[in-house]
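K.L.:
Input file: protein_5.txt. Contents: compact mmCIF, C-alpha atoms.
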```
# COMPACT_ATOMS: atom_id res chain seq x y z
CA MET A 1 35.86 62.91 -91.22
CA SER A 2 35.14 64.43 -87.87
CA HIS A 3 32.41 66.93 -87.23
CA VAL A 4 34.96 69.50 -86.16
CA ALA A 5 36.98 69.22 -89.39
CA VAL A 6 33.83 69.52 -91.49
CA PHE A 7 32.60 72.44 -89.37
CA ARG A 8 35.89 74.26 -89.90
CA ALA A 9 36.06 73.57 -93.61
CA THR A 10 32.44 74.62 -94.15
CA LEU A 11 32.75 77.77 -92.08
CA LYS A 12 35.89 78.78 -93.95
CA ARG A 13 34.14 78.13 -97.24
CA GLU A 14 31.03 80.11 -96.24
CA LEU A 15 33.10 83.08 -95.06
CA LYS A 16 34.94 83.10 -98.37
CA LEU A 17 31.60 83.07 -100.17
CA LEU A 18 30.34 85.96 -98.03
CA ALA A 19 33.44 87.96 -98.88
CA ARG A 20 32.79 87.26 -102.56
CA GLN A 21 29.03 87.77 -102.64
CA LYS A 22 28.61 90.90 -100.61
CA ALA A 23 24.93 91.19 -101.54
CA ASP A 24 24.23 88.26 -99.22
CA TRP A 25 24.95 90.29 -96.12
CA VAL A 26 24.57 93.85 -97.41
CA ASN A 27 20.98 93.40 -98.63
CA PRO A 28 19.42 92.25 -95.33
CA LEU A 29 21.29 95.04 -93.56
CA LEU A 30 20.05 97.71 -95.97
CA PHE A 31 16.54 96.32 -95.69
CA PHE A 32 16.72 96.64 -91.89
CA ILE A 33 18.00 100.20 -92.10
CA ILE A 34 15.37 101.23 -94.64
CA ILE A 35 12.44 99.85 -92.64
CA LEU A 36 13.63 101.62 -89.52
CA THR A 37 14.08 104.95 -91.30
CA LEU A 38 10.66 104.66 -92.96
CA PHE A 39 8.87 104.50 -89.62
CA PRO A 40 9.75 107.99 -88.35
CA LEU A 41 8.84 109.33 -91.79
CA GLY A 42 5.52 107.52 -91.86
CA VAL A 43 4.49 108.22 -88.29
CA GLY A 44 5.51 111.87 -88.44
CA ALA A 45 6.86 114.17 -85.76
CA LYS A 46 5.42 112.29 -82.77
CA PRO A 47 8.46 111.36 -80.69
CA ASN A 48 6.38 109.86 -77.87
CA LEU A 49 4.45 107.55 -80.18
CA LEU A 50 7.68 106.51 -81.90
CA ARG A 51 9.34 105.74 -78.60
CA GLU A 52 6.36 103.60 -77.63
CA ILE A 53 6.30 101.49 -80.77
CA ALA A 54 10.09 101.37 -81.23
CA PRO A 55 10.72 97.99 -79.50
CA GLY A 56 8.20 96.19 -81.68
CA VAL A 57 9.32 97.98 -84.82
CA ILE A 58 12.98 97.17 -84.34
CA TRP A 59 12.25 93.52 -83.67
CA ILE A 60 9.84 93.07 -86.56
CA ALA A 61 12.40 94.65 -88.88
CA ALA A 62 15.04 92.27 -87.54
CA LEU A 63 12.78 89.22 -88.06
CA LEU A 64 12.02 90.17 -91.64
CA SER A 65 15.57 90.98 -92.62
CA VAL A 66 16.88 87.67 -91.25
CA LEU A 67 14.10 85.92 -93.13
CA LEU A 68 15.15 87.71 -96.32
CA GLY A 69 18.46 85.86 -96.54
CA ALA A 70 17.19 82.56 -95.15
CA GLU A 71 15.94 80.95 -98.33
CA ARG A 72 19.34 81.03 -100.00
CA GLN A 73 21.07 79.26 -97.14
CA PHE A 74 21.10 75.70 -98.50
CA ARG A 75 19.59 76.26 -101.94
CA GLN A 76 22.79 76.61 -103.92
CA ASP A 77 24.41 73.52 -102.41
CA TYR A 78 21.21 71.62 -103.16
CA ARG A 79 21.07 72.75 -106.80
CA ASP A 80 24.76 72.08 -107.46
CA GLY A 81 24.62 68.58 -106.01
CA VAL A 82 26.99 69.34 -103.13
CA LEU A 83 24.43 68.19 -100.57
CA GLU A 84 23.69 65.04 -102.53
CA GLN A 85 27.35 64.05 -102.44
CA LEU A 86 27.63 64.87 -98.73
CA VAL A 87 24.61 62.69 -97.92
CA ALA A 88 25.83 59.83 -100.14
CA ALA A 89 29.21 59.88 -98.39
CA ARG A 90 27.47 60.10 -95.00
CA ALA A 91 29.68 63.10 -94.29
CA PRO A 92 29.04 64.64 -90.86
CA LEU A 93 26.10 66.86 -91.75
CA LEU A 94 25.91 68.14 -88.19
CA GLY A 95 29.21 69.97 -88.58
CA TYR A 96 28.07 71.24 -91.95
CA SER A 97 24.70 72.46 -90.60
CA LEU A 98 26.28 74.18 -87.59
CA ALA A 99 28.77 75.98 -89.82
CA LYS A 100 25.96 77.06 -92.16
CA ILE A 101 23.97 78.41 -89.21
CA ALA A 102 27.01 80.23 -87.82
CA ALA A 103 27.73 81.76 -91.21
CA GLY A 104 24.06 82.71 -91.53
CA TRP A 105 24.24 84.56 -88.22
CA ILE A 106 27.46 86.33 -89.21
CA SER A 107 25.85 87.48 -92.46
CA SER A 108 22.40 88.48 -91.28
CA GLY A 109 22.44 88.78 -87.47
CA LEU A 110 25.74 90.36 -86.56
CA PRO A 111 25.43 93.40 -88.89
CA LEU A 112 22.02 94.19 -87.35
CA ILE A 113 23.52 94.24 -83.87
CA LEU A 114 26.28 96.56 -85.03
CA VAL A 115 23.98 99.16 -86.58
CA SER A 116 21.17 98.91 -84.04
CA PRO A 117 22.46 101.60 -81.60
CA LEU A 118 22.47 104.12 -84.43
CA LEU A 119 18.97 103.19 -85.53
CA ALA A 120 17.58 103.26 -82.02
CA LEU A 121 18.48 106.96 -82.00
CA PHE A 122 16.15 107.56 -84.98
CA LEU A 123 13.32 106.18 -82.92
CA GLY A 124 14.17 108.30 -79.89
CA LEU A 125 15.07 105.47 -77.54
CA SER A 126 16.70 106.23 -74.21
CA ALA A 127 20.20 104.97 -73.35
CA GLU A 128 18.78 102.16 -71.18
CA ALA A 129 16.43 101.00 -73.91
CA LEU A 130 19.28 101.17 -76.40
CA LEU A 131 21.35 98.81 -74.28
CA ALA A 132 18.35 96.49 -74.05
CA VAL A 133 18.02 96.51 -77.85
CA VAL A 134 21.64 95.45 -78.24
CA LEU A 135 21.37 92.76 -75.55
CA THR A 136 18.14 91.27 -76.90
CA LEU A 137 19.55 91.28 -80.42
CA LEU A 138 22.67 89.54 -79.16
CA LEU A 139 20.57 86.74 -77.68
CA GLY A 140 17.79 86.82 -80.25
CA THR A 141 19.50 86.97 -83.62
CA PRO A 142 21.30 83.61 -83.18
CA LEU A 143 17.88 82.17 -82.41
CA LEU A 144 16.49 83.77 -85.56
CA SER A 145 19.34 82.25 -87.58
CA LEU A 146 18.75 78.81 -86.09
CA LEU A 147 15.03 78.84 -86.82
CA SER A 148 15.45 80.24 -90.32
CA ALA A 149 18.00 77.52 -91.09
CA LEU A 150 15.43 74.97 -89.97
CA GLY A 151 12.82 76.52 -92.26
CA ALA A 152 15.27 76.66 -95.15
CA ALA A 153 16.20 73.00 -94.69
CA LEU A 154 12.55 71.90 -94.45
CA THR A 155 11.46 73.76 -97.59
CA LEU A 156 14.59 72.95 -99.58
CA SER A 157 13.08 70.81 -102.30
CA ALA A 158 9.79 72.72 -102.54
CA ASP A 159 9.21 74.89 -105.60
CA LYS A 160 8.74 78.50 -104.58
CA GLY A 161 10.05 77.61 -101.13
CA GLY A 162 10.38 81.28 -100.18
CA ILE A 163 6.79 82.02 -99.21
CA LEU A 164 6.38 78.59 -97.64
CA LEU A 165 9.48 79.27 -95.57
CA ALA A 166 7.95 82.50 -94.26
CA LEU A 167 4.72 80.70 -93.35
CA VAL A 168 6.58 77.93 -91.54
CA ILE A 169 9.02 80.14 -89.67
CA LEU A 170 7.19 83.35 -88.75
CA PRO A 171 4.89 81.64 -86.19
CA LEU A 172 7.98 80.21 -84.48
CA TYR A 173 9.34 83.74 -84.08
CA ILE A 174 6.35 84.85 -81.99
CA PRO A 175 7.69 83.96 -78.51
CA LEU A 176 10.98 85.63 -79.32
CA LEU A 177 9.19 88.76 -80.51
CA ILE A 178 7.06 88.95 -77.36
CA PHE A 179 9.92 88.61 -74.88
CA ALA A 180 12.42 90.70 -76.79
CA SER A 181 10.13 93.68 -77.30
CA ALA A 182 8.88 93.39 -73.72
CA ALA A 183 12.49 93.62 -72.51
CA VAL A 184 13.13 96.77 -74.53
CA GLU A 185 9.87 98.31 -73.33
CA GLN A 186 10.68 97.60 -69.68
CA ALA A 187 14.11 99.11 -70.15
CA GLY A 188 12.49 102.21 -71.60
CA PHE A 189 10.54 102.64 -68.35
CA GLY A 190 13.74 102.14 -66.35
CA LEU A 191 12.55 98.77 -65.04
CA ASN A 192 14.49 95.57 -64.61
CA TYR A 193 14.36 93.30 -67.69
CA GLN A 194 16.62 90.45 -66.64
CA ALA A 195 13.72 87.99 -66.56
CA GLN A 196 13.04 88.55 -70.27
CA LEU A 197 16.72 88.20 -71.08
CA ALA A 198 16.82 84.94 -69.13
CA VAL A 199 13.87 83.60 -71.12
CA LEU A 200 15.58 84.59 -74.37
CA ALA A 201 18.78 82.87 -73.24
CA ALA A 202 16.82 79.73 -72.33
CA MET A 203 15.13 79.67 -75.73
CA LEU A 204 18.50 80.10 -77.40
CA CYS A 205 19.98 77.19 -75.41
CA VAL A 206 17.12 74.84 -76.26
CA ALA A 207 17.17 75.83 -79.93
CA SER A 208 20.94 75.49 -80.32
CA ALA A 209 20.79 72.00 -78.83
CA LEU A 210 17.88 70.75 -80.93
CA VAL A 211 17.69 72.74 -84.16
CA PRO A 212 21.00 71.55 -85.72
CA ILE A 213 19.84 67.94 -85.36
CA ALA A 214 16.52 68.78 -87.01
CA VAL A 215 18.30 70.68 -89.79
CA GLN A 216 20.51 67.68 -90.45
CA LYS A 217 17.52 65.32 -90.69
CA ALA A 218 15.60 67.71 -92.90
CA LEU A 219 18.54 68.02 -95.29
CA LYS A 220 18.80 64.22 -95.55
CA LEU A 221 15.08 63.88 -96.18
CA ASN A 222 15.09 66.49 -98.90
CA VAL A 223 18.05 65.01 -100.73
CA GLY A 224 16.92 61.38 -100.55
CA MET B 1 30.77 40.35 -104.78
CA LEU B 2 30.94 43.92 -103.55
CA LEU B 3 27.49 45.21 -104.22
CA SER B 4 24.30 43.42 -105.07
CA ALA B 5 20.72 44.41 -105.57
CA ARG B 6 17.86 41.98 -105.20
CA GLN B 7 14.38 42.35 -106.63
CA LEU B 8 14.57 46.14 -106.77
CA SER B 9 11.62 48.14 -107.97
CA CYS B 10 11.23 51.85 -108.34
CA VAL B 11 8.11 53.93 -108.96
CA ARG B 12 8.21 57.58 -110.01
CA GLN B 13 5.04 59.62 -110.53
CA ASP B 14 2.87 56.49 -110.76
CA ARG B 15 5.13 55.00 -113.43
CA VAL B 16 7.03 51.82 -112.70
CA LEU B 17 10.60 52.50 -113.85
CA PHE B 18 11.77 48.96 -113.17
CA GLU B 19 10.76 46.02 -111.03
CA GLN B 20 12.35 42.80 -109.82
CA LEU B 21 15.71 44.03 -110.94
CA ASP B 22 18.76 42.01 -109.91
CA LEU B 23 22.26 43.32 -110.28
CA GLN B 24 25.74 42.44 -109.04
CA LEU B 25 28.94 44.37 -109.00
CA HIS B 26 32.21 42.53 -108.41
CA ALA B 27 35.64 43.82 -107.54
CA GLY B 28 37.72 44.76 -110.58
CA GLU B 29 34.68 45.26 -112.77
CA VAL B 30 33.20 48.11 -114.78
CA LEU B 31 29.45 47.94 -115.14
CA GLN B 32 27.72 50.30 -117.51
CA ILE B 33 24.00 50.92 -117.07
CA ALA B 34 22.54 51.71 -120.47
CA GLY B 35 19.04 52.70 -121.45
CA LYS B 36 16.96 55.44 -123.00
CA ASN B 37 16.34 58.83 -121.42
CA GLY B 38 13.83 58.34 -118.64
CA ALA B 39 14.48 54.61 -118.30
CA GLY B 40 15.47 55.10 -114.67
CA LYS B 41 19.26 54.99 -114.79
CA SER B 42 19.77 57.89 -112.42
CA SER B 43 17.05 56.61 -110.09
CA LEU B 44 18.77 53.23 -110.02
CA LEU B 45 22.13 54.82 -109.21
CA ARG B 46 20.57 56.88 -106.41
CA ILE B 47 19.05 53.74 -104.91
CA LEU B 48 22.33 51.82 -105.23
CA SER B 49 24.24 54.65 -103.57
CA GLY B 50 21.83 54.64 -100.64
CA LEU B 51 20.47 58.12 -101.37
CA SER B 52 16.92 56.97 -101.93
CA GLU B 53 14.95 53.94 -100.87
CA PRO B 54 13.64 51.43 -103.40
CA GLU B 55 9.91 50.80 -103.52
CA ASP B 56 10.69 47.14 -102.98
CA GLY B 57 13.75 44.91 -102.72
CA GLU B 58 17.10 45.53 -101.07
CA VAL B 59 20.66 46.60 -101.74
CA CYS B 60 23.47 44.65 -100.09
CA TYR B 61 27.06 45.71 -99.56
CA GLN B 62 29.35 42.70 -99.02
CA GLN B 63 26.28 40.49 -98.51
CA LEU B 64 24.89 42.73 -95.76
CA PRO B 65 21.77 44.85 -96.33
CA LEU B 66 22.48 48.58 -96.41
CA ALA B 67 20.47 49.04 -93.23
CA GLN B 68 23.32 47.28 -91.39
CA SER B 69 26.29 48.24 -93.49
CA ALA B 70 25.46 51.84 -94.46
CA ASP B 71 28.41 53.42 -92.62
CA ASP B 72 30.96 50.98 -94.02
CA TYR B 73 29.44 51.35 -97.44
CA ALA B 74 29.51 55.15 -97.35
CA ASP B 75 33.22 55.06 -96.42
CA ASN B 76 33.90 52.91 -99.46
CA LEU B 77 31.72 54.77 -101.91
CA CYS B 78 32.50 57.68 -104.17
CA PHE B 79 29.26 58.98 -105.69
CA ILE B 80 29.27 61.68 -108.34
CA GLY B 81 25.79 62.30 -109.68
CA HIS B 82 24.71 64.16 -112.78
CA LEU B 83 25.05 67.36 -110.75
CA ALA B 84 28.76 68.06 -110.54
CA GLY B 85 28.83 69.12 -106.88
CA VAL B 86 31.10 72.04 -107.69
CA GLN B 87 30.35 75.30 -105.88
CA PRO B 88 30.50 77.84 -108.74
CA GLN B 89 31.75 80.86 -106.78
CA LEU B 90 34.73 78.96 -105.38
CA THR B 91 37.89 78.13 -107.27
CA ALA B 92 38.89 74.59 -108.18
CA LEU B 93 41.44 74.56 -105.34
CA GLU B 94 38.91 75.75 -102.78
CA ASN B 95 36.40 73.13 -103.89
CA LEU B 96 39.07 70.46 -103.47
CA GLN B 97 39.92 71.71 -99.98
CA PHE B 98 36.29 71.52 -98.95
CA TRP B 99 35.91 67.99 -100.34
CA ARG B 100 39.08 66.91 -98.58
CA ALA B 101 37.54 67.74 -95.20
CA CYS B 102 34.14 66.25 -96.04
CA PHE B 103 35.07 63.08 -97.88
CA ALA B 104 38.35 62.17 -96.14
CA LEU B 105 40.35 62.44 -99.36
CA LYS B 106 44.07 61.74 -99.62
CA SER B 107 46.29 64.74 -99.23
CA ALA B 108 48.11 65.33 -102.47
CA ASP B 109 49.53 68.12 -104.54
CA ASP B 110 46.32 69.73 -105.78
CA TRP B 111 48.18 71.97 -108.23
CA ALA B 112 49.83 68.98 -109.90
CA LEU B 113 46.56 67.07 -109.98
CA LEU B 114 44.67 69.94 -111.59
CA ALA B 115 47.50 70.30 -114.10
CA THR B 116 47.20 66.62 -115.11
CA LEU B 117 43.48 67.24 -115.57
CA GLY B 118 44.28 70.01 -118.03
CA LEU B 119 43.34 72.81 -115.67
CA ALA B 120 46.78 74.37 -115.31
CA GLY B 121 46.44 78.13 -114.97
CA LEU B 122 42.75 77.88 -114.03
CA GLU B 123 43.26 76.75 -110.43
CA ASP B 124 42.30 80.05 -108.84
CA ILE B 125 39.47 81.19 -111.09
CA PRO B 126 35.92 80.82 -109.76
CA CYS B 127 34.47 77.68 -111.31
CA GLN B 128 31.50 79.52 -112.77
CA GLN B 129 33.90 81.10 -115.26
CA LEU B 130 35.07 77.69 -116.47
CA SER B 131 33.41 75.82 -119.33
CA ALA B 132 31.03 72.93 -118.67
CA GLY B 133 33.73 70.40 -119.54
CA GLN B 134 36.26 72.09 -117.27
CA GLN B 135 33.78 72.10 -114.39
CA ARG B 136 33.20 68.40 -114.96
CA ARG B 137 36.98 67.89 -114.76
CA VAL B 138 37.08 69.69 -111.42
CA SER B 139 34.31 67.46 -110.14
CA LEU B 140 36.06 64.30 -111.39
CA ALA B 141 39.29 65.35 -109.65
CA ARG B 142 37.81 63.62 -106.60
CA LEU B 143 38.43 60.27 -108.31
CA TRP B 144 42.20 60.89 -108.15
CA LEU B 145 42.03 61.56 -104.41
CA THR B 146 39.54 59.07 -103.09
CA SER B 147 40.44 55.73 -101.58
CA ALA B 148 36.88 54.41 -101.94
CA GLN B 149 36.54 51.03 -103.58
CA ILE B 150 33.19 51.52 -105.29
CA TRP B 151 32.61 54.41 -107.65
CA ILE B 152 29.13 55.28 -108.79
CA LEU B 153 29.27 57.84 -111.58
CA ASP B 154 26.24 59.27 -113.35
CA GLU B 155 27.15 60.31 -116.90
CA PRO B 156 30.81 61.03 -116.10
CA PHE B 157 31.71 61.59 -119.76
CA THR B 158 29.21 64.38 -120.36
CA ALA B 159 30.83 67.53 -121.77
CA LEU B 160 34.33 66.01 -121.69
CA ASP B 161 36.64 66.25 -124.71
CA GLN B 162 38.63 63.33 -126.16
CA SER B 163 41.74 63.87 -124.05
CA ALA B 164 39.73 64.14 -120.83
CA ILE B 165 37.80 60.97 -121.70
CA ALA B 166 41.12 59.17 -122.27
CA GLY B 167 42.38 60.42 -118.90
CA LEU B 168 39.25 59.30 -117.12
CA THR B 169 39.17 55.83 -118.71
CA ALA B 170 42.84 55.37 -117.79
CA ARG B 171 42.02 56.32 -114.20
CA ILE B 172 39.10 53.86 -114.16
CA ALA B 173 41.39 51.11 -115.50
CA ALA B 174 43.97 51.83 -112.80
CA HIS B 175 41.24 51.76 -110.15
CA CYS B 176 39.95 48.38 -111.37
CA SER B 177 43.43 46.89 -111.44
CA GLN B 178 43.68 47.71 -107.73
CA GLY B 179 40.48 45.80 -107.00
CA GLY B 180 38.06 48.68 -107.34
CA ALA B 181 34.69 48.54 -109.04
CA VAL B 182 32.94 51.17 -111.12
CA LEU B 183 29.27 51.55 -111.88
CA LEU B 184 28.50 54.20 -114.46
CA THR B 185 25.90 55.36 -116.91
CA SER B 186 26.68 56.59 -120.37
CA HIS B 187 24.89 56.93 -123.66
CA GLN B 188 28.08 56.30 -125.61
CA PRO B 189 29.88 52.96 -125.72
CA VAL B 190 32.51 52.96 -122.99
CA GLU B 191 35.93 51.46 -123.66
CA ILE B 192 38.27 50.94 -120.76
CA PRO B 193 41.77 49.90 -121.87
CA GLY B 194 42.42 46.35 -120.74
CA TYR B 195 38.96 45.79 -119.23
CA ALA B 196 35.77 44.40 -120.64
CA VAL B 197 32.86 46.65 -119.76
CA ARG B 198 29.76 44.70 -118.78
CA GLU B 199 26.61 46.35 -120.03
CA PHE B 200 23.35 46.25 -118.15
CA MET B 201 20.37 47.27 -120.24
CA LEU B 202 17.53 49.06 -118.55
CA GLU B 203 14.42 48.87 -120.71
CA TYR B 204 12.18 51.88 -121.01
CA ARG B 205 8.74 50.91 -119.69
CA TRP B 206 5.42 52.62 -120.08
```
Mind converting the file's structure to structure tokens?
P.N.:
Amino acid sequence: MSHVAVFRATLKRELKLLARQKADWVNPLLFFIIILTLFPLGVGAKPNLLREIAPGVIWIAALLSVLLGAERQFRQDYRDGVLEQLVAARAPLLGYSLAKIAAGWISSGLPLILVSPLLALFLGLSAEALLAVVLTLLLGTPLLSLLSALGAALTLSADKGGILLALVILPLYIPLLIFASAAVEQAGFGLNYQAQLAVLAAMLCVASALVPIAVQKALKLNVG
Amino acid sequence: MLLSARQLSCVRQDRVLFEQLDLQLHAGEVLQIAGKNGAGKSSLLRILSGLSEPEDGEVCYQQLPLAQSADDYADNLCFIGHLAGVQPQLTALENLQFWRACFALKSADDWALLATLGLAGLEDIPCQQLSAGQQRRVSLARLWLTSAQIWILDEPFTALDQSAIAGLTARIAAHCSQGGAVLLTSHQPVEIPGYAVREFMLEYRW
């Protein structure tokens, strides 16, 4: 019953589920694409204005689309009694939580990174800014997945947990939003944005060390 | 004495479900908790399995309070609550594979096991397409793979047909003959071939 074995088994199981329930990863992706295509339509033919607001727009769209899939993360296992049995058997929940977070990132973070270069073109971003978008998403989306897993675990047993989850988690996204959009903005001006990337990397390191432990505790509390 | 509870009390929504409850479970014994709907059977099982804390009193595993023996206890416990614990989009085989990693189950021929449970031909169909009784059978398949000594089963006979009930009681009898102990709830009288089932009545309180 090692953490590694449980991590592997859970990750395999989650990937199978993602292959079977395509809506879980297609919906957040479509949501992201739709928000980003609505902006040029809403703002109109003002390429300079679009380029100015693009960093914030891309990042807010990313936050919301990751949040969209977050609520479902542990809900089904909670309703079916899978979590209850894992807690009763004192199975290594850390491995389970880590695998859930990894699968959450694969379903809602990774697709965003893959389509982001295309979408940045809609908003008229330069090549440098485009690279910055991809780099900040690479560092930022795992952080989004970690925090949304924490929110999902905390609000697991609450009725109508969805809106509560958004209220708990969105404030935690603020630092990420500030540094990530600042990095893209700097890149747009041709300036160096390594400092912002370093801050994002530091936040990711802290969160990946601490959040899985918190998720594990929150799951236990909600089941007990 | 494998498991004992001393002076347990449980309060749910300002209603006392039970108080000063004493209970013992010995090796080789089947104990049935009986009582009306809402009497607190499931709450009692959750407390005894260490999932929730009693309002008062303590649960001991091999004379040690759970606070000290929780890890040992969890290794020797197979808990199946009234929720089956079956992930509906996965097939019976995939559910078993996941449980094997999480609960340290014996490796065995899953196909043969599912066939003895009457699920031959349904091994690779998502469980949501199975009937309630068939899903229950998938969930109970864990009992054929676990090496845990204490089983705590909440309404294991729900939705099962006669042949499945016979299979399950035979499995419980085999488990008891090897020194295991079973704690279960059921609204029907439980007959285990070769074993006297001790009944523990939980009164419904206002």
K.L.:
When distances are computed from all atoms listed in the file, which of A:Leu50, A:Ala102, A:Leu68, A:Val223 shows the smallest separation from chain B?
P.N.:
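The answer is A:Val223, which sits nearest to chain B.
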K.L.:
Return the single residue from A:Gly224, A:Pro28, A:Pro40, A:Gly151 that is closest to chain B, with distances computed using all atoms listed in the file.
P.N.:
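Closest to chain B, using all atoms listed in the file: A:Gly224.
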K.L.:
Per residue of chain B within 9 Å of chain A, note the shortest atom pair and the distance in Å to one decimal, counting only C-alpha atoms, and order the rows by chain and increasing residue number, as JSON lines.
P.N.:
```
{"residue": "B:Arg46", "atom": "CA", "partner": "A:Gly224", "partner_atom": "CA", "distance": 8.2}
{"residue": "B:Ser49", "atom": "CA", "partner": "A:Ala88", "partner_atom": "CA", "distance": 6.4}
{"residue": "B:Gly50", "atom": "CA", "partner": "A:Ala88", "partner_atom": "CA", "distance": 6.6}
{"residue": "B:Leu51", "atom": "CA", "partner": "A:Gly224", "partner_atom": "CA", "distance": 4.9}
{"residue": "B:Ser52", "atom": "CA", "partner": "A:Gly224", "partner_atom": "CA", "distance": 4.6}
{"residue": "B:Glu53", "atom": "CA", "partner": "A:Gly224", "partner_atom": "CA", "distance": 7.7}
{"residue": "B:Ala70", "atom": "CA", "partner": "A:Arg90", "partner_atom": "CA", "distance": 8.5}
{"residue": "B:Asp71", "atom": "CA", "partner": "A:Arg90", "partner_atom": "CA", "distance": 7.2}
{"residue": "B:Tyr73", "atom": "CA", "partner": "A:Ala89", "partner_atom": "CA", "distance": 8.6}
{"residue": "B:Ala74", "atom": "CA", "partner": "A:Ala89", "partner_atom": "CA", "distance": 4.9}
{"residue": "B:Asp75", "atom": "CA", "partner": "A:Ala89", "partner_atom": "CA", "distance": 6.6}
{"residue": "B:Asn76", "atom": "CA", "partner": "A:Ala89", "partner_atom": "CA", "distance": 8.5}
{"residue": "B:Leu77", "atom": "CA", "partner": "A:Ala89", "partner_atom": "CA", "distance": 6.7}
{"residue": "B:Cys78", "atom": "CA", "partner": "A:Ala89", "partner_atom": "CA", "distance": 7.0}
{"residue": "B:Phe79", "atom": "CA", "partner": "A:Gln85", "partner_atom": "CA", "distance": 6.3}
{"residue": "B:Ile80", "atom": "CA", "partner": "A:Gln85", "partner_atom": "CA", "distance": 6.6}
{"residue": "B:Gly81", "atom": "CA", "partner": "A:Gly81", "partner_atom": "CA", "distance": 7.4}
{"residue": "B:His82", "atom": "CA", "partner": "A:Gly81", "partner_atom": "CA", "distance": 8.1}
{"residue": "B:Leu83", "atom": "CA", "partner": "A:Gly81", "partner_atom": "CA", "distance": 4.9}
{"residue": "B:Ala84", "atom": "CA", "partner": "A:Gly81", "partner_atom": "CA", "distance": 6.2}
{"residue": "B:Gly85", "atom": "CA", "partner": "A:Val82", "partner_atom": "CA", "distance": 4.2}
{"residue": "B:Val86", "atom": "CA", "partner": "A:Asp80", "partner_atom": "CA", "distance": 6.3}
{"residue": "B:Gln87", "atom": "CA", "partner": "A:Asp80", "partner_atom": "CA", "distance": 6.6}
{"residue": "B:Pro88", "atom": "CA", "partner": "A:Asp80", "partner_atom": "CA", "distance": 8.2}
{"residue": "B:Gln89", "atom": "CA", "partner": "A:Leu17", "partner_atom": "CA", "distance": 7.0}
{"residue": "B:Leu90", "atom": "CA", "partner": "A:Leu17", "partner_atom": "CA", "distance": 7.3}
{"residue": "B:Glu94", "atom": "CA", "partner": "A:Arg13", "partner_atom": "CA", "distance": 7.7}
{"residue": "B:Asn95", "atom": "CA", "partner": "A:Arg13", "partner_atom": "CA", "distance": 8.6}
{"residue": "B:Gln97", "atom": "CA", "partner": "A:Ala9", "partner_atom": "CA", "distance": 7.7}
{"residue": "B:Phe98", "atom": "CA", "partner": "A:Ala9", "partner_atom": "CA", "distance": 5.7}
{"residue": "B:Trp99", "atom": "CA", "partner": "A:Ala9", "partner_atom": "CA", "distance": 8.7}
{"residue": "B:Arg100", "atom": "CA", "partner": "A:Ala9", "partner_atom": "CA", "distance": 8.8}
{"residue": "B:Ala101", "atom": "CA", "partner": "A:Val6", "partner_atom": "CA", "distance": 5.5}
{"residue": "B:Cys102", "atom": "CA", "partner": "A:Val6", "partner_atom": "CA", "distance": 5.6}
{"residue": "B:Phe103", "atom": "CA", "partner": "A:Ala91", "partner_atom": "CA", "distance": 6.5}
{"residue": "B:Ala104", "atom": "CA", "partner": "A:Met1", "partner_atom": "CA", "distance": 5.6}
```
K.L.:
Return the single residue from A:Asp24, A:Gly44, A:Leu38, A:Glu128 that is closest to Tyr193 in chain A, with distances computed using only C-alpha atoms.
P.N.:
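The shortest atom-to-atom distance to Tyr193 in chain A comes from A:Glu128.
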K.L.:
Considering all atoms listed in the file, return as a list in words whatever protein or nucleic-acid residues lie within 10 Å of Thr185 in chain B, sequence-local ones (same chain, fewer than 6 positions apart) excluded.
P.N.:
Leu31, Gln32, Ile33, Ala34, Gly35, Lys41, Ser42, Leu45, His82, Ile152, Leu153, Asp154, Glu155, Pro156, Phe157, Glu199 and Phe200 of chain B
K.L.:
Please provide the set of residues having any atom within 8 Å of Tyr195 in chain B, restricted to only C-alpha atoms, with same-chain residues fewer than 2 positions apart removed, written as a ChimeraX atom specification.
P.N.:
/B:29-30,173,191-193,197
K.L.:
To one decimal place in Å, what is the distance between CA of Ser177 in chain B and CA of Val190 in chain B?
P.N.:
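Atom-to-atom, CA of Ser177 in chain B and CA of Val190 in chain B are spaced 17.0 Å apart.
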K.L.:
Report, in Å with one decimal, the straight-line distance from CA of Gly104 in chain A to CA of Ser145 in chain A.
P.N.:
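Answer for the CA of Gly104 in chain A to CA of Ser145 in chain A separation: 6.2 Å.
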K.L.:
Please provide as number ranges by chain all residues within 12 Å of Cys10 in chain B, with the sequence filter that same-chain residues fewer than 5 positions apart are discarded (counting only C-alpha atoms).
P.N.:
B: 15-21, 39-48, 52-58, 205
K.L.:
Skip Gln63 in chain B itself and residues of its chain fewer than 4 positions away, then list as an MDAnalysis selection string all residues within 8 Å of it, counting all atoms listed in the file.
P.N.:
chainID B and resid 1:4
K.L.:
Suppose you want the space between CA of His187 in chain B and CA of Val138 in chain B; what is it in Å?
P.N.:
21.5 Å
K.L.:
If we count all atoms listed in the file, what is near Leu143 in chain A at a cut-off of 12 Å, once residues fewer than 5 positions away on the same chain are taken out, given as a count of residues only?
P.N.:
37
K.L.:
Given the choices A:Leu49, A:Ala23, A:Ala54, A:Ile213, which gets closest to Arg72 in chain A if the distance is worked out from only C-alpha atoms?
P.N.:
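Closest candidate: A:Ala23.
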K.L.:
For Gly118 in chain B, which residue among B:Thr91, B:Ser163, B:Ser139, B:Ser69 is the nearest when counting only C-alpha atoms?
P.N.:
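The closest residue to Gly118 in chain B is B:Ser163.
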